[in-house]
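Participant: Okay, here's the structure, questions in a sec.
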Amino acid sequence: MPSDTRTTRLVIVESPSKAKTIAGYLGPDYLVEASVGHIRDLPRNADEVPDEFKGQPWARLGVDVDNGFHALYVISESRKQQVAKLKRLAKEVDEIFLATDEDREGEAIAWHLIETIKPKVPFKRMVFHEITKPAIQAAVANPRDIDRSLVDAQEARRILDRLYGYEVSPVLWKKVMRGLSAGRVQSVATRIVVERERQRMAFRSAEYWDILAHLAVQGQIEGPRTFNATLIALNGDRIATGKDFEPTTGQLKAGSTAVQLDGDGARGLAARLEGRPFQVTRVEEKPYRRRPYAPFITSTLQQEAARKMRYSSQQTMRTAQSLYEKGYITYMRTDSVNLSETAVAAARRQIAELYGANNVPPQPRKYTTKAKGAQEAHEAIRPAGDNFRTPGEVANELSGDEFRLYELIWRRTIASQMTDAVGNSISVRIRATTVGGEEADFAASGKTITDPGFLRAYVESSDDENAESDDAERRLPNLVKDQPLTADQLNATGHHTTPPARYTEASLVKALEELGIGRPSTYSSIMQTIQDRGYVEKRGQAMIPSFLAFAVIGLLEGHYPRLVDYNFTAAMEGQLDDIAAGDGTQLAFLSSFYFGSSESGADDDIAKAGGLKKMVTENLSAIDAREVNSIPLFVDQENRRVVVRVGKFGPYLQRKVVDGGEDAPEDKASLPEGVAPDELTPERVEELFLAGNGDRVLGDDPATGDEVTVKSGRFGPYVSAGERKSSLFKSQSPQTLTLEQALDLLKLPRIVGKDAEGNEIVARNGKFGPYISREKDSRSLGSEDQLLTITLEEALALLAQPKTRQARTAKPPLRELGPDPVSEKPLVIKEGRFGAYVTDGEYNATLRRDQTPEEITLAEASQMIADKRAKGPVAKKTAAKKAPAKKATAKAATEDGATPAKKAPAKRATAAKKTTAAKTTAAKKAAPAKRAAPRKAATAAE
């Protein structure tokens with residue numbers, strides 16, 4: 001109990017770990033307790049709706065849209081005990097400090113705490129951007145009131161997301177599939193990923209060639225004597241390079257005057273340049289200067305952690321949260337690149353100590369935020385405190401992930417206040433003339449760094465693995481105009497245009513940030529939501545949309561385009577920012593969006609349509625479910641329209657003759673799990689139809705008249721004629737198999753002949769490969785072709801050889817990749833029973849269909865092993881026991897997550913009170929079984 005002679009204060013934070021750290025900085029007059037995140041939220045289902053509201057028509061939404069959008073908040077079941085504790089503590093203290101995070105979400109949690117606890121003592125808001133003793137003491141000394149504008153903005157966002165999710169998701173249930181969800185931000189993020197996959201599907205690779213010349217300077221010189229130059233022009237016409245092709249189609253841009261060399265043309269020109277003199281025509285030297293990168297904000301931290309350490313957005317934010325709560329870094333949800341004066345001074349002191357005073361610029365560097373809609377007033381993410389601790393000083397205090405992320409943040413912060421990297425860049429033009437008078441121009445470039453500056457501390461990575469790093473140097477010989485050169489080699493080099501790369505979590509966060517969609521506190525949850533909903537699957541780092549995502553986005557684009565419009569979604573973020581700044585009202589914003597009122601708020605197009613409620617209700621009948629669930633691929637050579645249909649049991653292929661009418665036959669084929677949309681090429685589709693339908697007539701057997709057909713069965717493709725069947729050889733393809741080859745296969749098993757005793761020798765294809773047999777004696781054959789060609793004499797000679805069992809030796813690895821960047825164990829590619837796989841000796845990961853042992857990168861292999869490692873060892877199967885039903889746990893409100901509540905009988909609770917004691921006991925006994933029964937519920941993410 002508090003003493004009568006001193007003031008006792010209750011400090012409420014969000015997490016227990018933060019409470020523990022802050023408690024260490026405050027004296028005995030402070031009680032520090034955690035709310036454990038949000039203590040209340042809108043009801044997630046009918047069971048959470050209080051009895052007095054269950055008969056209300058708006059209870060399903062949890063928002064009374066007809067009475068000022070009043071929100072119904074309920075205390076989460078998992079937080080009730082903690083709320084009771086906070087209420088008790090509030091009665092024992094003289095003052096309350098609300099020390100939740102310094103953003104809209106934290107402001108809202110502070111408001112919810114006061115609304116729930118209803119303290120009788122004074123309360124204040126306590127804000128800080130780092131958990132250090134000076135910062136905490138300053139926050140206690142300078143409290144403020146709860147900012148109601150920030151609370152209104154957060155509440156408007158929460159209600160907006162609930163309205164969007166609960167009104168739009170049922171449209172998907174009716175037209176696509178039960179249990180789907182739509183969300184204001186998650187649907188837009190999904191659309192971005194789907195649009196990229198559409199570009200990849202439309203892409204057609206183009207080939208272009210150039211010539212790489214290996215040139216040498218004549219005579220003795222200092223420095224390098226040889227260098228490479230690339231053909232850039234022929235007779236004054238520029239040679240086409242990758243930038244001359246459309247990034248979405250792979251074809252040469254319309255109107256381009258560049259010459260697209262083919263292989264024959266490049267090889268012919270290289271031959272005509274053999275032995276010809278080369279001469280330098282121009283040398284340009286310019287100073288090179290590179291400014292440091294800005295300190296980290298939430299999005300750039302996620303991007304760099306993904307590039308450098310292969311962290312997911314969720315893993316990055318989880319680790320950063322831990323570092324923040326332990327007092328190692330400043331608040332990690334920010335879109336400001338600003339550093340405080342004390343932070344700049346700390347960085348400059350440390351640069352001088354570690355790298356020398358010459359690496360400290362005369363004036364401190366200041367950065368401005370470029371992110372569209374940036375609004376949070378925090379610092380950039382940096383090491384906490386007025387004197388930064390080096391990675392070496394904290395190495396023994398942090399876990400592996402925490403240390404790596406801290407070092408990344410420390411290096412980026414230090415580098416942001418260092419001097420520029422400077423040097424020289426050189427551009428050289430070279431010409432050679434063929435005997436026929438053709439003038440071929442070549443180019444070479446070099447870069448030397450004379451002072452690395454900030455690059456001593458930090459070099460940023462790129463999403464393009466082939467991109468040159470900022471600290472890379474390319475040294476050229478000392479060249480002057482008219483200098484003669486000789487070509488040691490002239491190699492015609494072919495290139496293929498590649499489709500635009502799929503999004504990674506890092507690049508998708510970057511795209512959302514550039515569009516002004518979402519905020520630092522929501523990026524991680526958006527990435528997780530679109531994966532949890534089954535709209536996007538991660539394959540390595542790449543994000544691949546499902547066909548379900550295509551159907552959902554197709555419906556929204558076709559019938560509710562503004563709901564997935566990038567500018568519209570960004571504009572809503574801007575209007576929420578206005579509310580936070582006190583320049584807009586929550587009611588006008590929500591009314592315009594939901595009812596289409598003429599007041600300033602959401603969007604004119606939505607308002608003109610009568611608002612979201614009217615729009616999704618009136619347009620429902622115009623949506624053709626069959627059309628929505630048909631994703632067009634192409635029209636094949638036989639004029640059949642090929643589509644992917646999203647069905648109740650998953651996607652499948654369907655094709656039908658164009659304009660064939662309703663009675664035209666339709667072919668269907670299953671889609672194997674894991675097939676990406678851009679992998680459905682005409683060749684792949686034909687293969688799947690063959691596998692799915694199993695019929696391709698090759699002709700008739702001239703000996704019997706039976707129809708010879710190639711089919712696909714459970715154990716692979718085979719041919720049949722009448723009662724005869726035979727599997728295809730491994731070297732044969734169902735698509736290219738000829739009638740003659742099929743007839744040969746149908747001869748198997750083949751009687752090769754008889755031995756002297758009259759025993760038949762038969763050639764067969766078995767589970768372990770081709771072999772010959774005589775009664776119980778058998779010998780393996782070297783190849784399947786021998787089944788058709790081996791003679792009686794050869795068979796007898798083989799059977800006469802002693803039967804030996806060869807010792808099995810381990811196959812050598814297909815490729816050695818090098819040490820894993822994470823575990824440092826050697827990663828190798830091996831051939832296994834089910835194909836090639838990557839292994840570190842402990843974990844194995846099978847290569848995907850689009851990966852080859854020759855092309856897979858070390859980074860991709862490391863990520864595959866990391867994914868396997870994250871799943872842990874495979875548990876042994878045991879007899880399954882019936883588990884009791886899990887109680888629902890309260891979940892912190894996110895931008896895209898909730899469950900629509902079903903209507904419940906209004907007087908169920910009253911009836912229950914009237915039951916007898918015996919009935920109550922019986923009901924309790926029956927309750928576990930009833931709760932354990934699965935209940936089908938659709939989930940809508942707001």
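FYI, nothing fancy with the structure tokens labels: chains A, B, ... in order, residues from 1 per chain, ligands from 1 as they appear.
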List every residue of segment 655-764 of chain A that DSSP, applied to the backbone of this structure, places in strand (DSSP E or B), and write the result as JSON, numbers by chain.

Facilitator: {"A": [655, 656, 657, 666, 667, 668, 669, 670, 696, 697, 698, 699, 700, 707, 708, 709, 710, 711, 712, 713, 716, 717, 718, 719, 720, 721, 724, 725, 726, 727, 750, 751, 752, 753, 754, 760, 761, 762, 763, 764]}

Participant: Residues of segment 320-341 of chain A that approach segment 353-367 of chain A to 12 Å or less, counting only C-alpha atoms: could you list each one with the shortest pair of atoms and its distance in Å to one decimal, rows by chain and increasing residue number, as a Markdown table?

Facilitator:
```
| residue | atom | partner | partner_atom | distance |
| --- | --- | --- | --- | --- |
| A:Asp335 | CA | A:Tyr367 | CA | 11.9 |
| A:Ser336 | CA | A:Tyr367 | CA | 9.0 |
| A:Val337 | CA | A:Tyr367 | CA | 6.0 |
| A:Asn338 | CA | A:Tyr367 | CA | 6.0 |
| A:Leu339 | CA | A:Lys366 | CA | 7.7 |
| A:Ser340 | CA | A:Lys366 | CA | 9.8 |
| A:Glu341 | CA | A:Pro364 | CA | 9.0 |
```

Participant: When distances are computed from only C-alpha atoms, which of A:Glu662, A:Glu397, A:Asp482, A:Glu860 shows the smallest separation from Thr281 of chain A?

Facilitator: A:Asp482

Participant: Considering only C-alpha atoms, can you say which of A:Thr116, A:Arg40, A:Pro500, A:Asp29 comes closest to Ile75 of chain A?

Facilitator: A:Arg40

Participant: For Gln735 of chain A, please output as JSON, numbers by chain all residues within 12 Å (counting only C-alpha atoms; exclusion window: fewer than 5 positions along the same chain).

Facilitator: {"A": [683, 684, 685, 686, 687, 688, 689, 690, 691, 694, 695, 696, 697, 698, 709, 710, 711, 712, 717, 718, 728]}

Participant: Please, what distance in Å, to one decimal, runs between atom CA of Ala189 of chain A and atom CA of Thr330 of chain A?

Facilitator: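 Rounded to one decimal, the two atoms are 28.0 Å apart.
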
Participant: In Å, rounded to a single decimal, give me how far atom CA of His112 of chain A is from atom CA of Lys54 of chain A.

Facilitator: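 According to the coordinates, atom CA of Lys54 of chain A and atom CA of His112 of chain A are separated by 22.4 Å.
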
Participant: With the cut-off set at 12 Å and counting only C-alpha atoms, tabulate each residue of segment 593-660 of chain A with an atom at most that distance from an atom of segment 201-221 of chain A, showing the nearest atom pair and its distance in Å to one decimal, ordered by chain and increasing number, as a tab-separated table.

Facilitator:
```
residue	atom	partner	partner_atom	distance
A:Ile631	CA	A:Met201	CA	11.9
A:Pro632	CA	A:Met201	CA	10.8
A:Leu633	CA	A:Met201	CA	8.4
A:Phe634	CA	A:Ala202	CA	9.9
```

Participant: I need the chosen residues saved as a PDB file, in the first residue's frame, with C-alpha atoms.

Facilitator:
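selection_7.pdb was written with the following content:
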```pdb
ATOM      1  CA  ILE A 631      -8.921 -16.741 -65.294  1.00  0.00           C
ATOM      2  CA  PRO A 632      -8.121 -16.574 -69.045  1.00  0.00           C
ATOM      3  CA  LEU A 633      -4.771 -17.897 -70.191  1.00  0.00           C
ATOM      4  CA  PHE A 634      -4.774 -18.034 -74.024  1.00  0.00           C
TER       5      PHE A 634
END
```

Participant: Please identify which residues in segment 171-392 of chain A DSSP calls helix (DSSP H, G or I) from the backbone, and express them as a ChimeraX atom specification.

Facilitator: /A:171-175,186-202,242-244,263-273,298-309,313-325,341-355,357-359,391-392

Participant: Contacts of segment 524-526 of chain A at 10 Å or less, counting only C-alpha atoms, minus same-chain residues fewer than 4 places along, as a PyMOL selection string?

Facilitator: chain A and resi 183+185-187+189-190+298-299+302+312-318+505+509+518-520+530-532+894-897

Participant: Smallest atom-to-atom distance to Leu512 of chain A: which of A:Thr486, A:Arg6, A:Asp636, A:Val188, using only C-alpha atoms?

Facilitator: A:Val188

Participant: Please identify all polymer residues within 8 Å of Pro287 of chain A, counting only C-alpha atoms, omitting same-chain residues fewer than 3 positions from it, and present them as a PyMOL selection string.

Facilitator: chain A and resi 422-425

Participant: Could you jot down the atom CA of Val344 of chain A to atom CA of Ala421 of chain A separation for me, Å, one decimal place?

Facilitator: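 Taking atom CA of Val344 of chain A as the start and atom CA of Ala421 of chain A as the end point, the length is 19.3 Å.
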
Participant: Closest to Pro682 of chain A among A:Leu113, A:Val657, A:Val642, A:Leu737, using only C-alpha atoms?

Facilitator: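 Between A:Leu113, A:Val657, A:Val642, A:Leu737, the residue approaching Pro682 of chain A most closely is A:Val642.
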
Participant: Please provide the set of residues having any atom within 9 Å of Tyr25 of chain A, restricted to only C-alpha atoms, with same-chain residues fewer than 5 positions apart removed, written as a count of residues only.

Facilitator: 5

Participant: With only C-alpha atoms as the basis for distance, which of A:Ala110, A:Ala800, A:Ile351, A:Leu792 is at the shortest distance from Asp777 of chain A?

Facilitator: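 Checking each of A:Ala110, A:Ala800, A:Ile351, A:Leu792 against Asp777 of chain A, counting only C-alpha atoms, the winner is A:Ala800.
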